[in-house]
>>> print(open('target.cif').read())   # mmCIF, C-alpha atoms
data_target
#
loop_
_atom_site.label_atom_id
_atom_site.label_comp_id
_atom_site.auth_asym_id
_atom_site.auth_seq_id
_atom_site.Cartn_x
_atom_site.Cartn_y
_atom_site.Cartn_z
CA MET A 1 91.92 63.12 122.83
CA ARG A 2 94.49 65.85 123.06
CA VAL A 3 94.07 69.43 121.87
CA THR A 4 96.16 72.57 122.07
CA ILE A 5 94.44 75.62 123.53
CA ARG A 6 95.66 79.09 122.55
CA LEU A 7 94.75 82.13 124.64
CA PHE A 8 95.46 85.77 123.90
CA ALA A 9 95.59 89.18 125.55
CA ARG A 10 93.72 89.32 128.89
CA LEU A 11 92.59 85.70 128.60
CA ARG A 12 96.24 84.72 128.38
CA ASP A 13 97.06 86.84 131.42
CA LEU A 14 94.21 85.34 133.43
CA ALA A 15 95.27 81.80 132.54
CA GLY A 16 98.94 82.51 133.12
CA SER A 17 99.83 80.91 129.79
CA GLY A 18 99.10 81.42 126.12
CA GLU A 19 99.30 77.76 125.22
CA LEU A 20 97.88 74.78 127.08
CA VAL A 21 97.56 71.13 126.12
CA ARG A 22 94.51 69.36 127.48
CA ASP A 23 92.68 66.06 127.10
CA VAL A 24 89.00 66.34 126.23
CA PRO A 25 86.41 63.60 125.72
CA HIS A 26 85.71 62.47 122.16
CA PRO A 27 83.63 63.56 120.28
CA ALA A 28 84.17 67.17 121.25
CA THR A 29 83.14 70.61 120.11
CA VAL A 30 84.75 73.97 120.79
CA GLN A 31 82.20 74.24 123.61
CA THR A 32 83.60 71.04 125.19
CA VAL A 33 87.10 72.50 125.16
CA TRP A 34 85.85 75.78 126.63
CA ARG A 35 83.99 73.98 129.45
CA THR A 36 87.11 71.99 130.26
CA LEU A 37 89.06 75.22 130.48
CA VAL A 38 86.50 77.13 132.56
CA THR A 39 86.10 74.21 134.99
CA GLU A 40 89.81 74.47 135.61
CA MET A 41 89.91 78.30 135.57
CA PRO A 42 86.51 79.79 136.49
CA ALA A 43 87.86 83.35 136.15
CA LEU A 44 87.82 82.93 132.37
CA GLY A 45 84.09 82.23 132.26
CA ASP A 46 82.94 85.82 131.83
CA TYR A 47 84.49 85.90 128.36
CA GLU A 48 81.96 83.43 126.97
CA ARG A 49 79.61 86.31 126.10
CA THR A 50 82.13 88.42 124.20
CA MET A 51 84.91 86.20 122.88
CA SER A 52 85.48 84.75 119.43
CA VAL A 53 86.82 81.26 118.78
CA ALA A 54 89.09 79.76 116.17
CA VAL A 55 90.04 76.21 115.20
CA ASN A 56 93.40 75.72 113.49
CA ALA A 57 93.78 79.47 112.96
CA ASP A 58 90.42 79.92 111.26
CA TYR A 59 87.40 81.62 112.82
CA SER A 60 84.89 79.05 114.03
CA ARG A 61 81.85 78.55 116.28
CA MET A 62 81.26 77.01 119.70
CA THR A 63 79.29 74.20 118.02
CA ALA A 64 82.09 73.23 115.62
CA SER A 65 83.59 69.80 116.12
CA VAL A 66 87.17 69.44 117.32
CA ASN A 67 89.55 66.64 116.38
CA GLU A 68 92.67 65.13 117.91
CA GLY A 69 95.60 67.52 117.62
CA ASP A 70 93.52 70.58 116.74
CA GLU A 71 94.50 74.05 117.91
CA VAL A 72 91.53 75.76 119.57
CA ALA A 73 91.87 79.49 120.27
CA PHE A 74 89.77 81.74 122.48
CA LEU A 75 89.95 85.42 121.56
CA PRO A 76 88.85 88.42 123.62
CA PRO A 77 87.24 91.31 121.70
CA VAL A 78 89.90 92.67 119.37
CA SER A 79 91.56 96.09 119.54
CA GLY A 80 93.99 96.30 116.65
CA GLY A 81 94.71 99.26 114.43
CA MET B 82 112.45 92.35 96.32
CA SER B 83 108.69 92.39 96.37
CA VAL B 84 106.79 93.56 99.44
CA PRO B 85 103.86 91.39 100.60
CA LEU B 86 100.48 93.12 100.44
CA VAL B 87 99.59 91.77 103.87
CA ALA B 88 101.89 91.40 106.86
CA VAL B 89 101.94 91.16 110.65
CA THR B 90 105.41 92.05 111.82
CA SER B 91 107.45 93.21 114.79
CA GLN B 92 109.60 95.30 112.41
CA VAL B 93 109.22 99.06 111.90
CA LEU B 94 106.59 99.67 109.20
CA ASP B 95 107.64 101.16 105.87
CA LEU B 96 104.83 103.06 104.15
CA GLN B 97 106.96 104.09 101.18
CA ALA B 98 107.77 100.45 100.42
CA LEU B 99 104.07 99.61 100.45
CA VAL B 100 103.22 102.55 98.17
CA ASP B 101 106.11 101.70 95.81
CA GLU B 102 104.97 98.08 95.61
CA LEU B 103 101.45 99.12 94.61
CA ALA B 104 102.71 101.78 92.19
CA LYS B 105 105.06 99.46 90.32
CA THR B 106 102.40 96.80 89.81
CA GLY B 107 99.51 99.00 88.68
CA SER B 108 100.11 101.06 85.55
CA GLY B 109 96.37 101.80 85.24
CA ASP B 110 96.17 103.42 88.66
CA GLY B 111 95.64 107.12 89.09
CA ALA B 112 95.75 107.31 92.87
CA ILE B 113 97.21 105.69 95.96
CA THR B 114 95.81 106.70 99.33
CA PRO B 115 97.89 105.95 102.44
CA PHE B 116 96.73 105.58 106.01
CA VAL B 117 99.06 105.50 109.00
CA GLY B 118 97.77 104.62 112.46
CA LEU B 119 99.89 106.07 115.28
CA VAL B 120 100.35 105.38 118.97
CA ARG B 121 99.03 108.48 120.72
CA ASP B 122 99.89 109.77 124.16
CA HIS B 123 96.42 109.75 125.65
CA ASN B 124 93.39 107.46 125.73
CA GLN B 125 90.14 107.73 127.70
CA GLY B 126 91.66 110.31 130.04
CA ARG B 127 94.82 108.27 130.69
CA ARG B 128 98.36 109.38 129.90
CA VAL B 129 99.66 106.59 127.71
CA GLU B 130 103.35 105.69 128.05
CA TYR B 131 103.57 102.98 125.41
CA LEU B 132 101.54 100.17 123.83
CA GLU B 133 102.26 96.51 123.39
CA TYR B 134 100.46 94.85 120.49
CA GLU B 135 99.78 91.13 120.59
CA ALA B 136 98.53 89.15 117.59
CA TYR B 137 97.34 85.68 116.75
CA ASP B 138 99.67 85.87 113.78
CA ALA B 139 98.33 83.07 111.58
CA LEU B 140 94.71 84.16 111.93
CA ALA B 141 95.59 87.86 111.72
CA VAL B 142 97.24 87.34 108.34
CA ARG B 143 94.21 85.36 107.23
CA ALA B 144 91.84 88.11 108.40
CA LEU B 145 93.89 90.80 106.65
CA ASN B 146 93.78 88.80 103.42
CA ARG B 147 90.04 88.53 103.83
CA ILE B 148 89.79 92.33 104.17
CA VAL B 149 91.89 92.82 101.03
CA ASP B 150 89.54 90.44 99.18
CA GLU B 151 86.42 92.18 100.54
CA ALA B 152 87.74 95.54 99.37
CA ARG B 153 88.40 94.11 95.91
CA GLN B 154 84.82 92.82 95.78
CA ALA B 155 83.43 96.20 96.80
CA TRP B 156 85.71 98.22 94.48
CA PRO B 157 86.85 95.76 91.79
CA ASP B 158 89.47 98.09 90.29
CA THR B 159 91.10 98.76 93.64
CA ARG B 160 93.98 97.00 95.42
CA VAL B 161 94.60 97.30 99.15
CA ALA B 162 97.74 96.52 101.15
CA VAL B 163 97.92 96.36 104.96
CA HIS B 164 100.83 95.87 107.34
CA HIS B 165 100.24 95.71 111.11
CA ARG B 166 102.98 95.90 113.68
CA THR B 167 103.25 93.94 116.94
CA GLY B 168 105.34 94.19 120.08
CA ARG B 169 106.22 97.31 122.05
CA LEU B 170 105.51 100.61 120.30
CA GLU B 171 106.41 104.05 121.61
CA ILE B 172 104.29 107.19 121.32
CA GLY B 173 104.26 108.44 117.74
CA GLU B 174 105.23 105.13 116.15
CA ALA B 175 103.12 103.62 113.38
CA SER B 176 101.08 100.59 114.43
CA ILE B 177 99.40 100.06 111.07
CA ILE B 178 99.91 101.21 107.50
CA ILE B 179 97.38 100.82 104.72
CA ALA B 180 97.61 101.82 101.08
CA ALA B 181 94.89 101.57 98.45
CA ALA B 182 95.55 101.93 94.74
CA SER B 183 92.88 102.60 92.16
CA PRO B 184 92.30 104.25 88.78
CA HIS B 185 90.07 106.71 90.65
CA ARG B 186 90.78 108.53 93.90
CA ALA B 187 87.27 108.09 95.29
CA HIS B 188 87.64 104.30 95.25
CA ALA B 189 91.12 104.48 96.72
CA PHE B 190 89.98 106.65 99.63
CA ALA B 191 86.92 104.47 100.24
CA ALA B 192 88.83 101.17 100.14
CA CYS B 193 91.47 102.56 102.50
CA ARG B 194 88.84 103.67 105.01
CA TYR B 195 86.99 100.37 104.66
CA ALA B 196 90.16 98.45 105.42
CA ILE B 197 90.93 100.24 108.70
CA GLU B 198 87.32 99.91 109.86
CA ARG B 199 87.41 96.17 109.14
CA VAL B 200 90.78 95.77 110.86
CA LYS B 201 89.19 97.09 114.02
CA GLN B 202 86.31 94.65 113.65
CA ILE B 203 87.84 91.30 112.73
CA VAL B 204 91.64 91.13 112.97
CA PRO B 205 92.85 89.24 116.09
CA ILE B 206 95.25 91.85 117.42
CA TRP B 207 95.12 93.44 120.88
CA LYS B 208 96.51 96.59 122.46
CA HIS B 209 98.01 96.33 125.93
CA GLU B 210 98.06 99.92 127.10
CA HIS B 211 100.68 100.97 129.61
CA PHE B 212 99.71 104.28 131.15
CA ALA B 213 100.82 106.45 134.04
CA GLY B 214 99.88 104.32 137.03
CA GLY B 215 98.92 101.00 135.46
CA ASP B 216 98.15 98.91 132.43
CA VAL B 217 95.03 97.60 130.73
CA TRP B 218 94.11 95.33 127.83
CA LEU B 219 91.88 97.21 125.43
CA GLU B 220 88.90 95.29 124.13
CA GLY B 221 86.80 96.54 121.23
CA ALA B 222 84.74 94.44 118.89
CA THR B 223 83.80 90.78 119.21
CA ALA B 224 85.42 89.51 116.02
CA ASP B 225 82.99 87.82 113.65
CA PRO B 226 83.86 88.01 109.96
CA GLU B 227 80.45 86.57 109.04
CA ASP B 228 78.63 89.46 110.75
CA GLU B 229 77.08 91.21 107.76
CA VAL B 230 75.85 94.12 109.87
CA ALA B 231 79.41 94.96 110.91
CA ARG B 232 80.61 94.62 107.34
CA ALA B 233 77.82 96.88 106.07
CA THR B 234 78.70 99.44 108.75
CA ALA B 235 82.32 99.51 107.59
CA TYR B 236 81.17 99.93 104.01
CA ARG B 237 78.81 102.75 104.94
CA ILE B 238 81.56 104.60 106.82
CA ALA B 239 83.91 104.09 103.87
CA CYS B 240 81.44 105.67 101.47
CA ALA B 241 80.31 108.52 103.73
#
>>> encode(input="target.cif", output="structure tokens")
Amino acid sequence: MRVTIRLFARLRDLAGSGELVRDVPHPATVQTVWRTLVTEMPALGDYERTMSVAVNADYSRMTASVNEGDEVAFLPPVSGG
Amino acid sequence: MSVPLVAVTSQVLDLQALVDELAKTGSGDGAITPFVGLVRDHNQGRRVEYLEYEAYDALAVRALNRIVDEARQAWPDTRVAVHHRTGRLEIGEASIIIAAASPHRAHAFAACRYAIERVKQIVPIWKHEHFAGGDVWLEGATADPEDEVARATAYRIACA
């Protein structure tokens, strides 16, 4: 099934794009999407310890399930204000 | 025209508009406390030239609304408004404005402080610092709105 991956800040720079569309096996979790991404781009892997994740613009967890067409975002530690 | 209490925008921030909006909708209020966050010219020993702010807009608005709700739970008579700017900002420009309105100044000050502490914890916005000789993405807190320790820390700082 197809999902949209959103990346921000340094993760976006490392990936070279802020939005990617990828096929992942079904059923999938956020973890499945992340593994797909890191297999393709190992340089992103270090962020697993510090990043946050979101599904359809709502904070989520690595164990959350992902459905066809979902937007899955990976967020480096934030620095707003 | 009414001003939204929460916004993520590339436009120049207007503190007076935010204060006016709170003032005109709260006849029981005795105080409004403003906070303005500015782009400063130095950071961690580097000479900063300008900042670029990037946001996950949809989630940032959601997180700001959550902060406004949290503040209302902590200080039920108090209303908080927050606007955060994105894009390129020069030294001295406002990156964030917050205003808190309350019948009592102590609650207004506390809610305002709480809001900025929570922004730094859970709002998906990032600073890309351009300094003399390079650039760097700043990374602070791992955002987790369910982290009660972080929330309690923000509350403690607000009430200090």
>>> residues_near_point(input="target.cif", point="(109.7, 98.1, 107.1)", cutoff="12 Å", atoms="only C-alpha atoms", output="list in words")
Val84, Pro85, Ala88, Val89, Thr90, Ser91, Gln92, Val93, Leu94, Asp95, Leu96, Gln97, Ala98, Leu99, Val100, His164, His165, Arg166, Ala175, Ser176, Ile177 and Ile178 of chain B
>>> interface_residues(input="target.cif", of="chain B", to="chain A", cutoff="10 Å", atoms="all atoms listed in the file", output="JSON, numbers by chain")
{"B": [117, 118, 119, 120, 134, 135, 136, 137, 138, 139, 140, 141, 142, 143, 144, 164, 165, 166, 167, 175, 176, 177, 178, 197, 198, 199, 200, 201, 202, 203, 204, 205, 206, 207, 208, 209, 217, 218, 219, 220, 221, 222, 223, 224, 225, 226, 227]}
>>> residues_near_point(input="target.cif", point="(88.7, 100.4, 94.0)", cutoff="12 Å", atoms="all atoms listed in the file", output="JSON, numbers by chain")
{"B": [109, 110, 111, 112, 113, 114, 149, 150, 151, 152, 153, 154, 155, 156, 157, 158, 159, 160, 161, 180, 181, 182, 183, 184, 185, 186, 187, 188, 189, 190, 191, 192, 193, 194, 195, 196, 239, 240]}
>>> atom_distance(input="target.cif", atom1="atom CA of Gly45 of chain A", atom2="atom CA of Val72 of chain A")
16.1 Å
>>> atom_distance(input="target.cif", atom1="atom CA of Tyr236 of chain B", atom2="atom CA of Val87 of chain B")
20.1 Å
>>> closest_residue(input="target.cif", among="B:Leu145, B:Ala162, B:Leu132, B:Ala213", to="Asp101 of chain B", atoms="all atoms listed in the file")
B:Ala162
>>> atom_distance(input="target.cif", atom1="atom CA of Gly214 of chain B", atom2="atom CA of Gly18 of chain A")
25.4 Å
>>> resolve_selection(input="target.cif", expression="the PyMOL selection byres ((chain A and resi 27) around 10)", output="PyMOL selection string")
chain A and resi 1+24-26+28-29+32+65-68
>>> resolve_selection(input="target.cif", expression="the PyMOL selection byres ((chain A and resi 34-44) around 9)", output="list in words")
Ile5, Leu11, Leu14, Ala15, Arg22, Asp23, Val24, Thr29, Val30, Gln31, Thr32, Val33, Gly45, Asp46, Tyr47, Glu48, Met62 and Phe74 of chain A
